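Please read the structure below before turning to the comments.
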Amino acid sequence: MSLITLGLKEAATKLKNKEISAVELTKATLDRIDERNGTINAYNVVCHDVAMKMAEESDKRIASGNAGLIEGVPIGMKDLFCTKGVSTTASSKILSNFVPPYESTVSGKLWNAGGVMMGKTNLDEFAMGSSNETSFTGKVLNPWDTTLTPGGSSGGSSAAVADFMCAGATGTDTGGSIRQPASFTGIVGIKPTYGRCSRYGIVAFASSLDQAGAMTRNVEDAALMLRAMSGHDPLDSTSASNPVEAWDETLNDFDPKGLKIGLPKEYFIEGLDPNIRKAVDDAVKRFTDAGAEVKEISLPHTKYAVPTYYIIAPAEAASNLSRYDGMRFGYRAEGENLAQTYSNSRSEGFGWEVKRRIMVGNYTLSSGYYDAYYIKAQKVRALIAQDFANAYKEVDVIFTPTAPSTAFKLGDKISDPIQMYLNDVFTVATSLAGLPGISVPAGLVEGLPVGLQIIGQAFGEEKLLQVAQAHEKMCGFQMRAPNATATAA
Amino acid sequence: MSTVDIPLVEKLAQLSRLTFTENEKETLQQELGNILDFISQLQEVNTDGVQPMSSTVGAASTYERPDEVTEENRREEYLAVAPKSEMGFYVVPRVIE
């Protein structure tokens, strides 16, 4: 039996039954990381000592019958979650020396549930990017083919899960940063309803959009991990008080018969790769064969989702990132006076994509442009949310491709921001509307994984996960083997 | 809507507390121009009578707690991550001559 291929639920069960120990599982996972991380660059920091200590504690709790929900399971933590005493960089030079004095709520919940921290996973700087190429600590390679991007911004997490360097990893999703990398690496990634997971202790990008979620190798694991991460938090004023359900236990209480699936016509436009279109069509066909109904729906403002997002997200980012001034924490570059120290620290500390977004954000927020851009975008955001509300009067869930392509070549889009931004075309609308979305593998196109995005109703994670698992069973997608040779550059 | 010129780039840089080289300013002029053209598409959407949406969280979920201090004194821990501190205070460049 290979320990590293165990999923979250599978590992938790074997650990609880004392078939394996947390220490041996952790050792095997750390060995895998030591073997692979030099190539893939999925982790910014590998926590050998912390992980072994946490694993020993897990074994003690298992022995005394106090095992948590994911006791002893190896978890990768996106390097955007503050972890007390463990470096948290957001893959930015400006936080390269930052060791948080406190723990984020979501990471704390995972450790309380018994999760073992393997390390902090790489990401696009401040989660701004769709290819994990803007990271200060270097790009991440896709384990399916090392000339390709693993997606972004949660590219370290997607690569770590796909390459068996953890059983599950956290991601954050502002405009698609969980779902697109999941699609590119053949794993499952769920962004829950905005408010499900606390944002406390997550390095802020765009506060009205940022949401944490789970990235795993199957739907059941995503359900279990999300359950461990979710819940109301008094430390986040936008955190939702809706009860957290045992999503992993109700996955099978579902029959596709009578399910109403919506296919938004605006997502199946000319120019969409016919192979990706076919993967979604095949998934839909399996559902209709099982008794589901399909309906073409219209989300008329879809075309405006990306420009709306690229007003709102940079505006919020420009405000959030004003805290990096070199005074209280983070990188500082001295200048001749206070103002110069601010701008030296920021100019040396931030990378290009981050600076560009701050500039765009401050443009749309400045007087004279505020109404024409920022308020206008908030109005269009309301229309986008209304489109979904109208659609859900007729259907239960919506199926779309997760991304317009399979994983693209590293270097292909990095010099053209608009092309990079358009990669989010199928995911941003869901984020703007605050709805839950999940990407589940739907097959291979020319040897590379392609994801099906299923969009649910607000706080409809139970149904969303049930549908996702039904798809997973019918699709029969096979994850690549750990020893499969990645294509050389 | 608005063409991007170098003075605008410089004004935004000032607002953003960022400094750029002349070459970088030219690159930004180009890139910001493209991005502004792209986001200006929104002007064609009819939003008459639409309320701006700042959050997807409804008022129902607003959480209230008693107005009591919950954070304990963690001065030492916070100062420990500061680039410069002395005698229990943050050290910043001189602002009063």
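Quick note on naming: the chains in the structure tokens go A, B, ... in the order shown, residues restart at 1 in each chain, and ligands are numbered from 1 in order of appearance.
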
9 Å contact set for Ser298 (chain A), only C-alpha atoms, chain neighbours under 5 positions out, as a PDB file with C-alpha atoms, in the first residue's frame:
ATOM      1  CA  GLY A 262     -28.833  24.741 -16.362  1.00  0.00           C
ATOM      2  CA  LEU A 263     -26.445  25.365 -19.249  1.00  0.00           C
ATOM      3  CA  PRO A 264     -25.836  29.104 -19.674  1.00  0.00           C
ATOM      4  CA  LYS A 265     -25.730  29.836 -23.397  1.00  0.00           C
ATOM      5  CA  GLU A 266     -23.264  32.698 -22.849  1.00  0.00           C
ATOM      6  CA  ASP A 387     -28.855  36.892 -13.486  1.00  0.00           C
ATOM      7  CA  PHE A 388     -28.016  33.922 -11.252  1.00  0.00           C
ATOM      8  CA  ALA A 391     -31.655  31.293 -13.364  1.00  0.00           C
TER       9      ALA A 391
END

Within 6 Å of chain B: residues of chain A, using only C-alpha atoms, as an mmCIF file with C-alpha atoms, in the first residue's frame:
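Wrote it out as result_34.cif, contents follow:
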data_model
loop_
_atom_site.group_PDB
_atom_site.id
_atom_site.type_symbol
_atom_site.label_atom_id
_atom_site.label_comp_id
_atom_site.auth_asym_id
_atom_site.auth_seq_id
_atom_site.Cartn_x
_atom_site.Cartn_y
_atom_site.Cartn_z
ATOM 1 C CA SER A 208 -15.733 41.249 -0.757
ATOM 2 C CA ALA A 240 -21.991 33.506 7.894
ATOM 3 C CA PRO A 307 -14.164 43.760 -16.645
ATOM 4 C CA ARG A 328 4.762 47.722 11.683
ATOM 5 C CA PHE A 329 5.710 44.514 9.880
ATOM 6 C CA ASN A 337 11.864 60.830 5.137
ATOM 7 C CA LEU A 338 8.658 59.009 6.037
ATOM 8 C CA SER A 343 7.409 54.286 -1.271
ATOM 9 C CA SER A 347 8.427 49.753 -4.625
ATOM 10 C CA MET A 359 -2.282 51.580 -9.823
ATOM 11 C CA GLN A 378 -20.782 47.564 -8.307
ATOM 12 C CA LYS A 379 -24.013 48.127 -10.226
ATOM 13 C CA ALA A 382 -25.705 43.535 -8.844
ATOM 14 C CA GLY A 434 -20.832 35.066 -3.888
#

Considering only C-alpha atoms, tabulate each residue of region 431-454 of chain A that lies at most 9 Å from region 159-181 of chain A along with its nearest interatomic pair and the corresponding distance in Å to one decimal; arrange the rows by chain and ascending residue number and present them as JSON lines.
{"residue": "A:Ser431", "atom": "CA", "partner": "A:Gly175", "partner_atom": "CA", "distance": 5.5}
{"residue": "A:Leu432", "atom": "CA", "partner": "A:Gly175", "partner_atom": "CA", "distance": 7.7}
{"residue": "A:Gly437", "atom": "CA", "partner": "A:Arg179", "partner_atom": "CA", "distance": 7.7}
{"residue": "A:Ile438", "atom": "CA", "partner": "A:Arg179", "partner_atom": "CA", "distance": 6.3}
{"residue": "A:Ser439", "atom": "CA", "partner": "A:Arg179", "partner_atom": "CA", "distance": 5.2}
{"residue": "A:Val440", "atom": "CA", "partner": "A:Arg179", "partner_atom": "CA", "distance": 8.5}
{"residue": "A:Gly451", "atom": "CA", "partner": "A:Gln180", "partner_atom": "CA", "distance": 8.0}
{"residue": "A:Gln453", "atom": "CA", "partner": "A:Arg179", "partner_atom": "CA", "distance": 7.7}

Quiz prompt | helix (DSSP H, G or I) call set, DSSP backbone run, region 15-95 of chain B, as a ChimeraX atom specification | solution = /B:15-16,22-44,59-61,75-80

Practice problem: Excluding Ile20 (chain A) and any residue of its chain fewer than 3 positions from it, enumerate the residues within 12 Å of it, using only C-alpha atoms, and give them as number ranges by chain. | Solution: A: 1-4, 6, 10-17, 23-28, 55, 58-59, 62-63, 71-73

Deliver the residues from the most recent selection as a file, using N, CA and C atoms, as a PDB file, in the first residue's frame.
ATOM      1  N   MET A   1       0.841  -1.210   0.000  1.00  0.00           N
ATOM      2  CA  MET A   1       0.000   0.000   0.000  1.00  0.00           C
ATOM      3  C   MET A   1       0.874   1.258   0.000  1.00  0.00           C
ATOM      4  N   SER A   2       0.558   2.154  -0.896  1.00  0.00           N
ATOM      5  CA  SER A   2       1.294   3.415  -0.919  1.00  0.00           C
ATOM      6  C   SER A   2       0.591   4.426  -0.009  1.00  0.00           C
ATOM      7  N   LEU A   3       1.331   4.934   0.961  1.00  0.00           N
ATOM      8  CA  LEU A   3       0.719   5.861   1.915  1.00  0.00           C
ATOM      9  C   LEU A   3       0.369   7.202   1.268  1.00  0.00           C
ATOM     10  N   ILE A   4       1.236   7.639   0.331  1.00  0.00           N
ATOM     11  CA  ILE A   4       1.042   9.001  -0.183  1.00  0.00           C
ATOM     12  C   ILE A   4      -0.179   9.146  -1.088  1.00  0.00           C
ATOM     13  N   LEU A   6      -3.092   7.920  -0.405  1.00  0.00           N
ATOM     14  CA  LEU A   6      -4.319   7.890   0.389  1.00  0.00           C
ATOM     15  C   LEU A   6      -5.001   9.253   0.353  1.00  0.00           C
ATOM     16  N   GLU A  10      -9.946   8.455   3.446  1.00  0.00           N
ATOM     17  CA  GLU A  10      -9.337   7.124   3.515  1.00  0.00           C
ATOM     18  C   GLU A  10      -8.246   7.097   4.596  1.00  0.00           C
ATOM     19  N   ALA A  11      -7.374   8.089   4.575  1.00  0.00           N
ATOM     20  CA  ALA A  11      -6.287   8.156   5.550  1.00  0.00           C
ATOM     21  C   ALA A  11      -6.846   8.320   6.957  1.00  0.00           C
ATOM     22  N   ALA A  12      -7.835   9.224   7.111  1.00  0.00           N
ATOM     23  CA  ALA A  12      -8.406   9.465   8.440  1.00  0.00           C
ATOM     24  C   ALA A  12      -9.000   8.184   9.008  1.00  0.00           C
ATOM     25  N   THR A  13      -9.645   7.388   8.137  1.00  0.00           N
ATOM     26  CA  THR A  13     -10.262   6.142   8.588  1.00  0.00           C
ATOM     27  C   THR A  13      -9.201   5.120   9.008  1.00  0.00           C
ATOM     28  N   LYS A  14      -8.173   4.970   8.176  1.00  0.00           N
ATOM     29  CA  LYS A  14      -7.106   4.022   8.501  1.00  0.00           C
ATOM     30  C   LYS A  14      -6.366   4.431   9.774  1.00  0.00           C
ATOM     31  N   LEU A  15      -6.204   5.731   9.949  1.00  0.00           N
ATOM     32  CA  LEU A  15      -5.530   6.220  11.157  1.00  0.00           C
ATOM     33  C   LEU A  15      -6.368   5.914  12.394  1.00  0.00           C
ATOM     34  N   LYS A  16      -7.654   6.204  12.289  1.00  0.00           N
ATOM     35  CA  LYS A  16      -8.550   5.974  13.418  1.00  0.00           C
ATOM     36  C   LYS A  16      -8.600   4.489  13.777  1.00  0.00           C
ATOM     37  N   ASN A  17      -8.534   3.633  12.740  1.00  0.00           N
ATOM     38  CA  ASN A  17      -8.546   2.175  12.981  1.00  0.00           C
ATOM     39  C   ASN A  17      -7.161   1.636  13.338  1.00  0.00           C
ATOM     40  N   VAL A  23       2.582   9.343  12.342  1.00  0.00           N
ATOM     41  CA  VAL A  23       4.013   9.574  12.166  1.00  0.00           C
ATOM     42  C   VAL A  23       4.500   8.926  10.870  1.00  0.00           C
ATOM     43  N   GLU A  24       4.085   7.693  10.596  1.00  0.00           N
ATOM     44  CA  GLU A  24       4.575   7.064   9.352  1.00  0.00           C
ATOM     45  C   GLU A  24       3.989   7.719   8.107  1.00  0.00           C
ATOM     46  N   LEU A  25       2.732   8.147   8.201  1.00  0.00           N
ATOM     47  CA  LEU A  25       2.116   8.838   7.057  1.00  0.00           C
ATOM     48  C   LEU A  25       2.810  10.187   6.810  1.00  0.00           C
ATOM     49  N   THR A  26       3.098  10.888   7.880  1.00  0.00           N
ATOM     50  CA  THR A  26       3.782  12.184   7.758  1.00  0.00           C
ATOM     51  C   THR A  26       5.183  12.006   7.187  1.00  0.00           C
ATOM     52  N   LYS A  27       5.903  11.001   7.699  1.00  0.00           N
ATOM     53  CA  LYS A  27       7.252  10.735   7.182  1.00  0.00           C
ATOM     54  C   LYS A  27       7.224  10.440   5.689  1.00  0.00           C
ATOM     55  N   ALA A  28       6.287   9.587   5.288  1.00  0.00           N
ATOM     56  CA  ALA A  28       6.186   9.219   3.866  1.00  0.00           C
ATOM     57  C   ALA A  28       5.882  10.450   3.013  1.00  0.00           C
ATOM     58  N   ALA A  55       2.230  15.270  14.132  1.00  0.00           N
ATOM     59  CA  ALA A  55       1.876  13.865  13.888  1.00  0.00           C
ATOM     60  C   ALA A  55       1.960  13.055  15.181  1.00  0.00           C
ATOM     61  N   SER A  58      -1.034  13.758  17.115  1.00  0.00           N
ATOM     62  CA  SER A  58      -2.181  13.071  16.512  1.00  0.00           C
ATOM     63  C   SER A  58      -2.241  11.619  16.958  1.00  0.00           C
ATOM     64  N   ASP A  59      -1.078  10.956  16.911  1.00  0.00           N
ATOM     65  CA  ASP A  59      -1.050   9.542  17.328  1.00  0.00           C
ATOM     66  C   ASP A  59      -1.492   9.387  18.782  1.00  0.00           C
ATOM     67  N   ILE A  62      -5.253   9.750  18.869  1.00  0.00           N
ATOM     68  CA  ILE A  62      -5.893   8.547  18.323  1.00  0.00           C
ATOM     69  C   ILE A  62      -5.851   7.435  19.376  1.00  0.00           C
ATOM     70  N   ALA A  63      -4.698   7.286  20.030  1.00  0.00           N
ATOM     71  CA  ALA A  63      -4.538   6.239  21.050  1.00  0.00           C
ATOM     72  C   ALA A  63      -5.522   6.446  22.200  1.00  0.00           C
ATOM     73  N   GLU A  71      -7.948  13.698  11.738  1.00  0.00           N
ATOM     74  CA  GLU A  71      -6.791  13.445  12.607  1.00  0.00           C
ATOM     75  C   GLU A  71      -5.654  12.758  11.852  1.00  0.00           C
ATOM     76  N   GLY A  72      -4.477  13.367  11.914  1.00  0.00           N
ATOM     77  CA  GLY A  72      -3.269  12.750  11.364  1.00  0.00           C
ATOM     78  C   GLY A  72      -3.070  12.906   9.869  1.00  0.00           C
ATOM     79  N   VAL A  73      -3.957  13.664   9.201  1.00  0.00           N
ATOM     80  CA  VAL A  73      -3.914  13.747   7.740  1.00  0.00           C
ATOM     81  C   VAL A  73      -2.997  14.896   7.281  1.00  0.00           C
TER      82      VAL A  73
END

Quiz item: Using the chain letters and numbers from this document, which residues of region 22-92 of chain B does DSSP assign to strand (DSSP E), as a ChimeraX atom specification?
Solution: /B:85-86,89-90
